[in-house]
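**Q** So here's input19.pdb (PDB, C-alpha atoms).
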ATOM      1  CA  LEU Y   1       2.184  -4.254   8.544  1.00  0.00           C
ATOM      2  CA  ARG Y   2      -0.526  -6.177  10.374  1.00  0.00           C
ATOM      3  CA  LEU Y   3      -0.783  -9.639   8.880  1.00  0.00           C
ATOM      4  CA  PRO Y   4      -4.068 -11.359   7.937  1.00  0.00           C
ATOM      5  CA  TYR Y   5      -4.091 -13.949  10.732  1.00  0.00           C
ATOM      6  CA  GLY Y   6      -2.312 -12.056  13.479  1.00  0.00           C
ATOM      7  CA  GLY Y   7       1.181 -10.784  14.071  1.00  0.00           C
ATOM      8  CA  LYS Y   8       2.913  -7.936  12.326  1.00  0.00           C
ATOM      9  CA  THR Y   9       6.090  -7.018  10.523  1.00  0.00           C
ATOM     10  CA  ASP Y  10       7.822  -3.871   9.272  1.00  0.00           C
ATOM     11  CA  PHE Y  11       8.730  -3.092   5.677  1.00  0.00           C
ATOM     12  CA  ARG Y  12      11.031  -0.220   4.742  1.00  0.00           C
ATOM     13  CA  GLY Y  13      11.169  -0.829   0.990  1.00  0.00           C
ATOM     14  CA  GLU Y  14      13.454   1.334  -1.157  1.00  0.00           C
ATOM     15  CA  ASP Y  15      13.211   5.048  -1.898  1.00  0.00           C
ATOM     16  CA  LYS Y  16      10.910   5.768  -4.844  1.00  0.00           C
ATOM     17  CA  LYS Y  17      10.483   2.133  -5.881  1.00  0.00           C
ATOM     18  CA  TRP Y  18       7.421  -0.008  -6.664  1.00  0.00           C
ATOM     19  CA  PHE Y  19       6.876  -3.389  -4.981  1.00  0.00           C
ATOM     20  CA  SER Y  20       4.377  -6.197  -5.479  1.00  0.00           C
ATOM     21  CA  PHE Y  21       2.305  -6.217  -2.307  1.00  0.00           C
ATOM     22  CA  LEU Y  22      -0.328  -8.709  -3.408  1.00  0.00           C
ATOM     23  CA  SER Y  23      -0.316 -10.988  -6.426  1.00  0.00           C
ATOM     24  CA  ALA Y  24      -3.278 -13.308  -6.901  1.00  0.00           C
ATOM     25  CA  PRO Y  25      -5.028 -14.794  -9.928  1.00  0.00           C
ATOM     26  CA  ASN Y  26      -6.405 -11.812 -11.865  1.00  0.00           C
ATOM     27  CA  VAL Y  27      -5.716  -9.258  -9.063  1.00  0.00           C
ATOM     28  CA  SER Y  28      -2.525  -7.426  -8.054  1.00  0.00           C
ATOM     29  CA  VAL Y  29      -1.703  -4.583  -5.669  1.00  0.00           C
ATOM     30  CA  ASN Y  30       1.568  -2.656  -5.996  1.00  0.00           C
ATOM     31  CA  VAL Y  31       2.912  -0.047  -3.571  1.00  0.00           C
ATOM     32  CA  PHE Y  32       5.382   2.831  -3.951  1.00  0.00           C
ATOM     33  CA  THR Y  33       7.677   3.574  -0.994  1.00  0.00           C
ATOM     34  CA  GLU Y  34       9.439   6.848  -0.201  1.00  0.00           C
ATOM     35  CA  GLU Y  35      11.891   7.721   2.538  1.00  0.00           C
ATOM     36  CA  ALA Y  36      11.069  10.273   5.230  1.00  0.00           C
ATOM     37  CA  ARG Y  37      12.594  11.638   8.405  1.00  0.00           C
ATOM     38  CA  PHE Y  38      10.255  12.349  11.294  1.00  0.00           C
ATOM     39  CA  THR Y  39      10.151  12.450  15.074  1.00  0.00           C
ATOM     40  CA  LEU Y  40       8.379  10.375  17.691  1.00  0.00           C
ATOM     41  CA  ASN Y  41       8.006  10.569  21.457  1.00  0.00           C
ATOM     42  CA  ARG Y  42       7.428  14.329  21.494  1.00  0.00           C
ATOM     43  CA  GLY Y  43      10.518  14.967  19.431  1.00  0.00           C
ATOM     44  CA  LYS Y  44      12.864  12.855  21.525  1.00  0.00           C
ATOM     45  CA  LEU Y  45      13.396  10.246  18.789  1.00  0.00           C
ATOM     46  CA  GLU Y  46      14.395  11.082  15.220  1.00  0.00           C
ATOM     47  CA  VAL Y  47      13.552   8.324  12.737  1.00  0.00           C
ATOM     48  CA  ASP Y  48      14.962   7.790   9.256  1.00  0.00           C
ATOM     49  CA  GLY Y  49      12.130   5.687   7.870  1.00  0.00           C
ATOM     50  CA  SER Y  50       9.733   5.352   4.959  1.00  0.00           C
ATOM     51  CA  PHE Y  51       6.071   5.352   3.984  1.00  0.00           C
ATOM     52  CA  ILE Y  52       3.876   4.037   1.215  1.00  0.00           C
ATOM     53  CA  THR Y  53       2.848   7.113  -0.795  1.00  0.00           C
ATOM     54  CA  LYS Y  54       1.102   5.526  -3.804  1.00  0.00           C
ATOM     55  CA  ALA Y  55      -0.756   2.279  -4.374  1.00  0.00           C
ATOM     56  CA  ALA Y  56      -2.140   0.632  -7.490  1.00  0.00           C
ATOM     57  CA  VAL Y  57      -4.716  -2.051  -8.275  1.00  0.00           C
ATOM     58  CA  VAL Y  58      -4.524  -4.171 -11.418  1.00  0.00           C
ATOM     59  CA  ALA Y  59      -7.241  -6.680 -12.325  1.00  0.00           C
ATOM     60  CA  ARG Y  60      -8.273  -8.907 -15.184  1.00  0.00           C
ATOM     61  CA  LEU Y  61     -12.057  -9.212 -15.032  1.00  0.00           C
ATOM     62  CA  ALA Y  62     -14.157 -12.256 -15.920  1.00  0.00           C
ATOM     63  CA  ASP Y  63     -15.385 -10.629 -19.126  1.00  0.00           C
ATOM     64  CA  GLY Y  64     -11.797 -10.046 -20.243  1.00  0.00           C
ATOM     65  CA  LYS Y  65     -11.700  -6.337 -19.414  1.00  0.00           C
ATOM     66  CA  ALA Y  66      -8.546  -4.895 -17.837  1.00  0.00           C
ATOM     67  CA  PHE Y  67      -8.982  -2.669 -14.757  1.00  0.00           C
ATOM     68  CA  HIS Y  68      -6.195  -0.336 -13.586  1.00  0.00           C
ATOM     69  CA  ALA Y  69      -6.373   2.221 -10.763  1.00  0.00           C
ATOM     70  CA  LEU Y  70      -3.731   4.418  -9.096  1.00  0.00           C
ATOM     71  CA  PHE Y  71      -4.290   5.935  -5.641  1.00  0.00           C
ATOM     72  CA  ASN Y  72      -1.901   8.843  -5.146  1.00  0.00           C
ATOM     73  CA  ALA Y  73      -1.611  10.287  -1.637  1.00  0.00           C
ATOM     74  CA  THR Y  74       0.893  12.880  -2.875  1.00  0.00           C
ATOM     75  CA  ALA Y  75      -1.923  14.478  -4.920  1.00  0.00           C
ATOM     76  CA  VAL Y  76      -4.098  15.428  -1.950  1.00  0.00           C
ATOM     77  CA  ASN Y  77      -4.378  18.940  -0.551  1.00  0.00           C
ATOM     78  CA  GLU Y  78      -3.932  19.944   3.091  1.00  0.00           C
ATOM     79  CA  ASN Y  79      -7.472  18.770   3.801  1.00  0.00           C
ATOM     80  CA  LEU Y  80      -6.473  15.338   2.461  1.00  0.00           C
ATOM     81  CA  TRP Y  81      -8.648  15.170  -0.632  1.00  0.00           C
ATOM     82  CA  SER Y  82      -8.238  15.591  -4.379  1.00  0.00           C
ATOM     83  CA  TRP Y  83     -10.518  15.573  -7.411  1.00  0.00           C
ATOM     84  CA  ARG Y  84      -8.027  13.095  -8.913  1.00  0.00           C
ATOM     85  CA  LEU Y  85      -7.375  10.926  -5.881  1.00  0.00           C
ATOM     86  CA  VAL Y  86      -7.870   7.842  -8.050  1.00  0.00           C
ATOM     87  CA  GLU Y  87      -6.904   7.734 -11.716  1.00  0.00           C
ATOM     88  CA  GLY Y  88      -7.507   4.620 -13.736  1.00  0.00           C
ATOM     89  CA  ALA Y  89      -8.771   2.908 -16.835  1.00  0.00           C
ATOM     90  CA  CYS Y  90     -11.334   0.252 -17.675  1.00  0.00           C
ATOM     91  CA  GLU Y  91     -12.373   0.449 -21.311  1.00  0.00           C
ATOM     92  CA  LYS Y  92     -11.660   4.179 -21.010  1.00  0.00           C
ATOM     93  CA  LYS Y  93      -9.794   6.453 -18.586  1.00  0.00           C
ATOM     94  CA  PHE Y  94     -11.475   7.767 -15.436  1.00  0.00           C
ATOM     95  CA  SER Y  95     -10.682   9.981 -12.421  1.00  0.00           C
ATOM     96  CA  LEU Y  96     -12.404   9.849  -9.044  1.00  0.00           C
ATOM     97  CA  GLY Y  97     -12.695  12.518  -6.384  1.00  0.00           C
ATOM     98  CA  PRO Y  98     -14.870  12.871  -3.262  1.00  0.00           C
ATOM     99  CA  HIS Y  99     -18.100  10.863  -3.279  1.00  0.00           C
ATOM    100  CA  MET Y 100     -17.527   9.463  -6.762  1.00  0.00           C
ATOM    101  CA  SER Y 101     -17.544   5.842  -7.936  1.00  0.00           C
ATOM    102  CA  LYS Y 102     -16.812   3.704 -10.967  1.00  0.00           C
ATOM    103  CA  THR Y 103     -18.161   0.287 -11.868  1.00  0.00           C
ATOM    104  CA  CYS Y 104     -16.679  -1.682 -14.721  1.00  0.00           C
ATOM    105  CA  GLY Y 105     -17.788  -5.255 -15.145  1.00  0.00           C
ATOM    106  CA  SER Y 106     -17.291  -7.006 -11.801  1.00  0.00           C
ATOM    107  CA  ALA Y 107     -14.933  -4.321 -10.442  1.00  0.00           C
ATOM    108  CA  ARG Y 108     -16.082  -1.377  -8.370  1.00  0.00           C
ATOM    109  CA  ALA Y 109     -14.108   1.605  -7.061  1.00  0.00           C
ATOM    110  CA  SER Y 110     -15.500   4.315  -4.784  1.00  0.00           C
ATOM    111  CA  VAL Y 111     -14.018   7.375  -3.083  1.00  0.00           C
ATOM    112  CA  ASP Y 112     -15.271   8.859   0.182  1.00  0.00           C
ATOM    113  CA  LEU Y 113     -13.100  11.899   0.912  1.00  0.00           C
ATOM    114  CA  SER Y 114      -9.556  10.783   1.689  1.00  0.00           C
ATOM    115  CA  SER Y 115     -10.114   7.080   1.123  1.00  0.00           C
ATOM    116  CA  ALA Y 116     -10.921   4.711  -1.721  1.00  0.00           C
ATOM    117  CA  ASN Y 117     -12.365   1.212  -1.681  1.00  0.00           C
ATOM    118  CA  PHE Y 118     -12.001  -1.393  -4.411  1.00  0.00           C
ATOM    119  CA  SER Y 119     -13.920  -4.624  -4.855  1.00  0.00           C
ATOM    120  CA  VAL Y 120     -12.070  -6.785  -7.379  1.00  0.00           C
ATOM    121  CA  GLY Y 121     -12.039 -10.552  -7.688  1.00  0.00           C
ATOM    122  CA  ASP Y 122     -11.774 -12.221  -4.287  1.00  0.00           C
ATOM    123  CA  PHE Y 123     -10.499  -9.100  -2.503  1.00  0.00           C
ATOM    124  CA  VAL Y 124     -11.755  -5.887  -0.926  1.00  0.00           C
ATOM    125  CA  ILE Y 125      -8.944  -3.320  -0.910  1.00  0.00           C
ATOM    126  CA  SER Y 126      -8.951   0.006   0.939  1.00  0.00           C
ATOM    127  CA  PHE Y 127      -6.526   2.932   0.652  1.00  0.00           C
ATOM    128  CA  LYS Y 128      -6.542   6.073   2.789  1.00  0.00           C
ATOM    129  CA  ALA Y 129      -4.429   9.226   2.433  1.00  0.00           C
ATOM    130  CA  ASN Y 130      -2.924  10.598   5.618  1.00  0.00           C
ATOM    131  CA  ARG Y 131      -0.225  13.017   6.741  1.00  0.00           C
ATOM    132  CA  VAL Y 132       3.321  12.150   7.731  1.00  0.00           C
ATOM    133  CA  PHE Y 133       3.182  13.555  11.225  1.00  0.00           C
ATOM    134  CA  ASN Y 134       6.154  15.391  12.757  1.00  0.00           C
ATOM    135  CA  ARG Y 135       7.923  15.329   9.394  1.00  0.00           C
ATOM    136  CA  LEU Y 136      11.448  16.687   9.071  1.00  0.00           C
ATOM    137  CA  ALA Y 137      12.217  15.719   5.463  1.00  0.00           C
ATOM    138  CA  GLY Y 138      11.052  13.464   2.649  1.00  0.00           C
ATOM    139  CA  ALA Y 139       7.515  12.245   2.064  1.00  0.00           C
ATOM    140  CA  THR Y 140       4.740  14.548   3.272  1.00  0.00           C
ATOM    141  CA  LYS Y 141       1.740  12.224   2.791  1.00  0.00           C
ATOM    142  CA  ARG Y 142       1.262   8.484   3.168  1.00  0.00           C
ATOM    143  CA  VAL Y 143      -1.129   5.703   2.203  1.00  0.00           C
ATOM    144  CA  ASP Y 144      -2.690   3.519   4.898  1.00  0.00           C
ATOM    145  CA  LEU Y 145      -4.059   0.361   3.334  1.00  0.00           C
ATOM    146  CA  SER Y 146      -5.926  -2.820   4.114  1.00  0.00           C
ATOM    147  CA  VAL Y 147      -6.663  -5.946   2.105  1.00  0.00           C
ATOM    148  CA  ARG Y 148      -9.436  -8.420   2.946  1.00  0.00           C
ATOM    149  CA  ALA Y 149      -9.913 -11.757   1.232  1.00  0.00           C
ATOM    150  CA  VAL Y 150     -13.530 -12.598   0.409  1.00  0.00           C
ATOM    151  CA  ASP Y 151     -12.594 -16.240  -0.228  1.00  0.00           C
ATOM    152  CA  ALA Y 152     -10.059 -17.097   2.484  1.00  0.00           C
ATOM    153  CA  ALA Y 153      -9.529 -20.658   1.249  1.00  0.00           C
ATOM    154  CA  SER Y 154      -8.608 -19.507  -2.256  1.00  0.00           C
ATOM    155  CA  ALA Y 155      -6.381 -16.696  -0.951  1.00  0.00           C
ATOM    156  CA  ALA Y 156      -4.496 -19.184   1.233  1.00  0.00           C
ATOM    157  CA  VAL Y 157      -3.147 -21.128  -1.722  1.00  0.00           C
ATOM    158  CA  ASN Y 158      -3.078 -18.697  -4.629  1.00  0.00           C
ATOM    159  CA  THR Y 159      -1.760 -15.409  -3.248  1.00  0.00           C
ATOM    160  CA  HIS Y 160       1.798 -14.076  -3.289  1.00  0.00           C
ATOM    161  CA  GLY Y 161       3.537 -10.731  -2.878  1.00  0.00           C
ATOM    162  CA  ILE Y 162       5.013  -9.107   0.228  1.00  0.00           C
ATOM    163  CA  LEU Y 163       1.711  -9.022   2.101  1.00  0.00           C
ATOM    164  CA  GLY Y 164      -0.206 -11.489  -0.041  1.00  0.00           C
ATOM    165  CA  GLN Y 165       1.713 -14.611   0.896  1.00  0.00           C
ATOM    166  CA  ALA Y 166       0.733 -14.120   4.542  1.00  0.00           C
ATOM    167  CA  PHE Y 167      -2.807 -15.164   3.572  1.00  0.00           C
ATOM    168  CA  GLY Y 168      -1.364 -18.676   3.416  1.00  0.00           C
ATOM    169  CA  PHE Y 169      -0.305 -18.678   7.065  1.00  0.00           C
ATOM    170  CA  LYS Y 170      -2.511 -20.499   9.558  1.00  0.00           C
ATOM    171  CA  GLY Y 171      -1.737 -18.154  12.432  1.00  0.00           C
ATOM    172  CA  PRO Y 172       0.582 -15.364  13.620  1.00  0.00           C
ATOM    173  CA  VAL Y 173       4.137 -15.374  12.246  1.00  0.00           C
ATOM    174  CA  ALA Y 174       6.448 -16.130  15.146  1.00  0.00           C
ATOM    175  CA  ARG Y 175       9.665 -14.785  13.621  1.00  0.00           C
ATOM    176  CA  ALA Y 176       8.433 -11.775  11.647  1.00  0.00           C
ATOM    177  CA  GLU Y 177      11.067  -9.035  11.465  1.00  0.00           C
ATOM    178  CA  GLU Y 178      10.232  -5.770  13.223  1.00  0.00           C
ATOM    179  CA  ASP Y 179      12.148  -2.574  13.879  1.00  0.00           C
ATOM    180  CA  VAL Y 180      12.942  -1.759  17.501  1.00  0.00           C
ATOM    181  CA  TYR Y 181      12.313   1.874  18.389  1.00  0.00           C
ATOM    182  CA  PRO Y 182      14.311   3.366  21.274  1.00  0.00           C
ATOM    183  CA  SER Y 183      12.683   6.037  23.405  1.00  0.00           C
ATOM    184  CA  ALA Y 184      15.122   8.756  22.349  1.00  0.00           C
ATOM    185  CA  GLY Y 185      18.033   9.514  20.023  1.00  0.00           C
ATOM    186  CA  LYS Y 186      18.229   8.632  16.322  1.00  0.00           C
ATOM    187  CA  MET Y 187      17.450   5.453  14.423  1.00  0.00           C
ATOM    188  CA  THR Y 188      17.104   4.127  10.886  1.00  0.00           C
ATOM    189  CA  THR Y 189      14.470   1.526  10.088  1.00  0.00           C
ATOM    190  CA  LYS Y 190      15.877  -1.636   8.500  1.00  0.00           C
ATOM    191  CA  ALA Y 191      13.229  -4.374   8.598  1.00  0.00           C
ATOM    192  CA  GLN Y 192      12.148  -5.711   5.180  1.00  0.00           C
ATOM    193  CA  ALA Y 193       9.380  -8.137   6.176  1.00  0.00           C
ATOM    194  CA  GLY Y 194      11.918 -10.834   6.979  1.00  0.00           C
ATOM    195  CA  GLY Y 195      10.372 -14.036   8.270  1.00  0.00           C
ATOM    196  CA  VAL Y 196       7.204 -13.294   6.291  1.00  0.00           C
ATOM    197  CA  ILE Y 197       8.388 -13.215   2.689  1.00  0.00           C
ATOM    198  CA  ALA Y 198      10.122 -15.898   0.691  1.00  0.00           C
ATOM    199  CA  GLY Y 199      13.495 -14.696  -0.558  1.00  0.00           C
ATOM    200  CA  LYS Y 200      14.561 -11.048  -0.284  1.00  0.00           C
ATOM    201  CA  HIS Y 201      12.499  -7.890  -0.532  1.00  0.00           C
ATOM    202  CA  LEU Y 202      14.262  -6.913  -3.763  1.00  0.00           C
ATOM    203  CA  ASP Y 203      12.750 -10.005  -5.377  1.00  0.00           C
ATOM    204  CA  TYR Y 204       9.390  -8.178  -5.256  1.00  0.00           C
ATOM    205  CA  LEU Y 205      10.439  -5.055  -7.143  1.00  0.00           C
ATOM    206  CA  VAL Y 206       8.248  -4.144 -10.115  1.00  0.00           C
ATOM    207  CA  SER Y 207       9.043  -1.571 -12.780  1.00  0.00           C
ATOM    208  CA  SER Y 208       5.893   0.541 -12.557  1.00  0.00           C
ATOM    209  CA  ALA Y 209       2.500   0.976 -10.915  1.00  0.00           C
ATOM    210  CA  PHE Y 210       0.752  -1.574 -13.119  1.00  0.00           C
ATOM    211  CA  ASP Y 211       3.579  -4.042 -13.729  1.00  0.00           C
ATOM    212  CA  THR Y 212       2.680  -7.542 -12.521  1.00  0.00           C
ATOM    213  CA  SER Y 213       5.974  -9.330 -13.298  1.00  0.00           C
ATOM    214  CA  PHE Y 214       8.482  -9.929 -10.501  1.00  0.00           C
TER
END
Starting from the file, give its structure as structure tokens.

**A**
Amino acid sequence: LRLPYGGKTDFRGEDKKWFSFLSAPNVSVNVFTEEARFTLNRGKLEVDGSFITKAAVVARLADGKAFHALFNATAVNENLWSWRLVEGACEKKFSLGPHMSKTCGSARASVDLSSANFSVGDFVISFKANRVFNRLAGATKRVDLSVRAVDAASAAVNTHGILGQAFGFKGPVARAEEDVYPSAGKMTTKAQAGGVIAGKHLDYLVSSAFDTSF
């Protein structure tokens, strides 16, 4: 994970569990992690790791409407697109595929081909479906994501979650936990965003895609 003001950390999560990634007034982002085994360094290194495979946005809009959207990388085909890449609800249910968009109150969601962008509250959130390269077992697709704060001052004091709380840092995190990858052999990733999050990673578990209590 690349942090908002520099530095990075690694986050393994737990197999097939949802975590609160960003929790701010009226906006939340949850992520679903799945284990995978894959190789790096031209097959010399076998990694027992994990990827984000689903991501969800939850928002309470100024007019009182509730906005929910699920981005599911596991739904894409081999060309990395799906007619139901995003499934959500805002007054009524909707599905988005390539070159489709949805506006509901102050929230907007749009899909290009393999990616979706959301403008909700003080944040611009982007998800992109990609392959798990050199996969041996486990997850086949992954979600690459980014979160940008429109109002940095507000995000610095009102945002929590595994990634969200890093918006409150004034610079790079000096002691952020990262996995160390050898050049060859076998390894299991272990880092859980230590040095970045308050408490333990299990404190950020949520029960479902749209649960905002942790």

**Q** If the PyMOL selection byres ((chain Y and resi 92) around 12) were run on this exact file, what residues would it hold? Put them as a list in words.

**A**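 So the PyMOL selection byres ((chain Y and resi 92) around 12), applied here, picks out Lys65, Ala66, Phe67, His68, Ala69, Glu87, Gly88, Ala89, Cys90, Glu91, Lys93, Phe94, Ser95, Lys102, Thr103 and Cys104 of chain Y.
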
**Q** Could you turn the residues from that selection into a file that holds C-alpha atoms, as a PDB file, in the frame of the given file?

**A**
ATOM      1  CA  LYS Y  65     -11.700  -6.337 -19.414  1.00  0.00           C
ATOM      2  CA  ALA Y  66      -8.546  -4.895 -17.837  1.00  0.00           C
ATOM      3  CA  PHE Y  67      -8.982  -2.669 -14.757  1.00  0.00           C
ATOM      4  CA  HIS Y  68      -6.195  -0.336 -13.586  1.00  0.00           C
ATOM      5  CA  ALA Y  69      -6.373   2.221 -10.763  1.00  0.00           C
ATOM      6  CA  GLU Y  87      -6.904   7.734 -11.716  1.00  0.00           C
ATOM      7  CA  GLY Y  88      -7.507   4.620 -13.736  1.00  0.00           C
ATOM      8  CA  ALA Y  89      -8.771   2.908 -16.835  1.00  0.00           C
ATOM      9  CA  CYS Y  90     -11.334   0.252 -17.675  1.00  0.00           C
ATOM     10  CA  GLU Y  91     -12.373   0.449 -21.311  1.00  0.00           C
ATOM     11  CA  LYS Y  93      -9.794   6.453 -18.586  1.00  0.00           C
ATOM     12  CA  PHE Y  94     -11.475   7.767 -15.436  1.00  0.00           C
ATOM     13  CA  SER Y  95     -10.682   9.981 -12.421  1.00  0.00           C
ATOM     14  CA  LYS Y 102     -16.812   3.704 -10.967  1.00  0.00           C
ATOM     15  CA  THR Y 103     -18.161   0.287 -11.868  1.00  0.00           C
ATOM     16  CA  CYS Y 104     -16.679  -1.682 -14.721  1.00  0.00           C
TER      17      CYS Y 104
END

**Q** Given the file shown, enumerate the residues that the PyMOL selection byres ((chain Y and resi 128) around 6) captures and present them as a JSON list (two decimals) with C-alpha atoms, keeping the file's coordinate frame.

**A**
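The result, written out as out_11.json:
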[["chain", "number", "residue", "atom", "x", "y", "z"],
["Y", 114, "SER", "CA", -9.56, 10.78, 1.69],
["Y", 115, "SER", "CA", -10.11, 7.08, 1.12],
["Y", 127, "PHE", "CA", -6.53, 2.93, 0.65],
["Y", 129, "ALA", "CA", -4.43, 9.23, 2.43],
["Y", 143, "VAL", "CA", -1.13, 5.70, 2.20],
["Y", 144, "ASP", "CA", -2.69, 3.52, 4.90]]

**Q** Looking at Y:Gly195, Y:Pro172, Y:Gly121, Y:Gly97, which one is nearest to Val57 (chain Y), with distances taken over all atoms listed in the file?

**A**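 Closest to Val57 (chain Y), using all atoms listed in the file: Y:Gly121.
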
**Q** Counting all atoms listed in the file, what is within 7 Å of Asn30 (chain Y), bar same-chain residues fewer than 5 positions away, as a ChimeraX atom specification?

**A** /Y:18-22,55-57,209

**Q** Starting from the PyMOL selection byres ((chain Y and resi 36) around 6), expand the selection into actual residues of this file and give them as a list in words.

**A**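 Residues picked by the PyMOL selection byres ((chain Y and resi 36) around 6): Glu35, Arg37, Gly49, Ser50, Ala137, Gly138 and Ala139 of chain Y.
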
**Q** Counting all atoms listed in the file, which of Y:Leu136, Y:Val76, Y:Ala153, Y:Val27 gets nearest to Ala107 (chain Y)?

**A**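 Among the listed residues, Y:Val27 lies closest to Ala107 (chain Y).
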
**Q** Select all residues near (-2.9, 8.5, 0.6) (cut-off 12 Å, inclusive, file coordinates), counting all atoms listed in the file, and output them as a ChimeraX atom specification.

**A** /Y:31-33,51-56,70-82,84-86,111,113-116,126-132,139-145

**Q** Distance CA of Phe38 (chain Y)-CA of Val206 (chain Y), one decimal place?

**A** 27.1 Å

**Q** One number please: CA of Lys170 (chain Y) to CA of Ser28 (chain Y), in Å, one decimal.

**A**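 Computing the Euclidean distance for CA of Lys170 (chain Y) and CA of Ser28 (chain Y) yields 21.9 Å.
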
**Q** Atoms are missing here; could region 174-180 of chain Y be completed with all heavy atoms and written as a short mmCIF file (atom, residue, chain, number, x, y, z; two decimals), in the coordinates of the input?

**A**
data_model
loop_
_atom_site.label_atom_id
_atom_site.label_comp_id
_atom_site.auth_asym_id
_atom_site.auth_seq_id
_atom_site.Cartn_x
_atom_site.Cartn_y
_atom_site.Cartn_z
N ALA Y 174 5.68 -16.22 13.90
CA ALA Y 174 6.45 -16.13 15.15
C ALA Y 174 7.75 -15.35 14.98
O ALA Y 174 8.21 -14.70 15.92
CB ALA Y 174 6.75 -17.54 15.66
N ARG Y 175 8.34 -15.40 13.80
CA ARG Y 175 9.66 -14.78 13.62
C ARG Y 175 9.63 -13.62 12.63
O ARG Y 175 10.61 -13.38 11.93
CB ARG Y 175 10.66 -15.85 13.16
CG ARG Y 175 10.90 -16.94 14.21
CD ARG Y 175 11.91 -17.98 13.73
NE ARG Y 175 11.42 -18.69 12.56
CZ ARG Y 175 10.59 -19.72 12.63
NH1 ARG Y 175 10.16 -20.15 13.80
NH2 ARG Y 175 10.19 -20.34 11.52
N ALA Y 176 8.53 -12.92 12.54
CA ALA Y 176 8.43 -11.78 11.65
C ALA Y 176 9.37 -10.66 12.10
O ALA Y 176 9.43 -10.32 13.29
CB ALA Y 176 7.00 -11.27 11.61
N GLU Y 177 10.09 -10.08 11.16
CA GLU Y 177 11.07 -9.04 11.46
C GLU Y 177 10.36 -7.71 11.77
O GLU Y 177 9.49 -7.28 11.03
CB GLU Y 177 12.01 -8.87 10.27
CG GLU Y 177 13.11 -7.85 10.49
CD GLU Y 177 13.98 -7.68 9.24
OE1 GLU Y 177 13.51 -8.02 8.13
OE2 GLU Y 177 15.10 -7.21 9.40
N GLU Y 178 10.77 -7.08 12.85
CA GLU Y 178 10.23 -5.77 13.22
C GLU Y 178 11.37 -4.85 13.63
O GLU Y 178 12.38 -5.29 14.18
CB GLU Y 178 9.25 -5.89 14.38
CG GLU Y 178 7.97 -6.64 14.07
CD GLU Y 178 7.03 -6.66 15.26
OE1 GLU Y 178 6.57 -5.57 15.65
OE2 GLU Y 178 6.76 -7.75 15.78
N ASP Y 179 11.19 -3.56 13.40
CA ASP Y 179 12.15 -2.57 13.88
C ASP Y 179 11.92 -2.32 15.36
O ASP Y 179 10.79 -2.35 15.84
CB ASP Y 179 12.00 -1.25 13.11
CG ASP Y 179 12.48 -1.37 11.68
OD1 ASP Y 179 13.64 -1.74 11.47
OD2 ASP Y 179 11.68 -1.08 10.75
N VAL Y 180 13.01 -2.08 16.07
CA VAL Y 180 12.94 -1.76 17.50
C VAL Y 180 13.20 -0.26 17.67
O VAL Y 180 14.25 0.24 17.27
CB VAL Y 180 13.97 -2.58 18.30
CG1 VAL Y 180 13.92 -2.18 19.77
CG2 VAL Y 180 13.72 -4.07 18.13
#
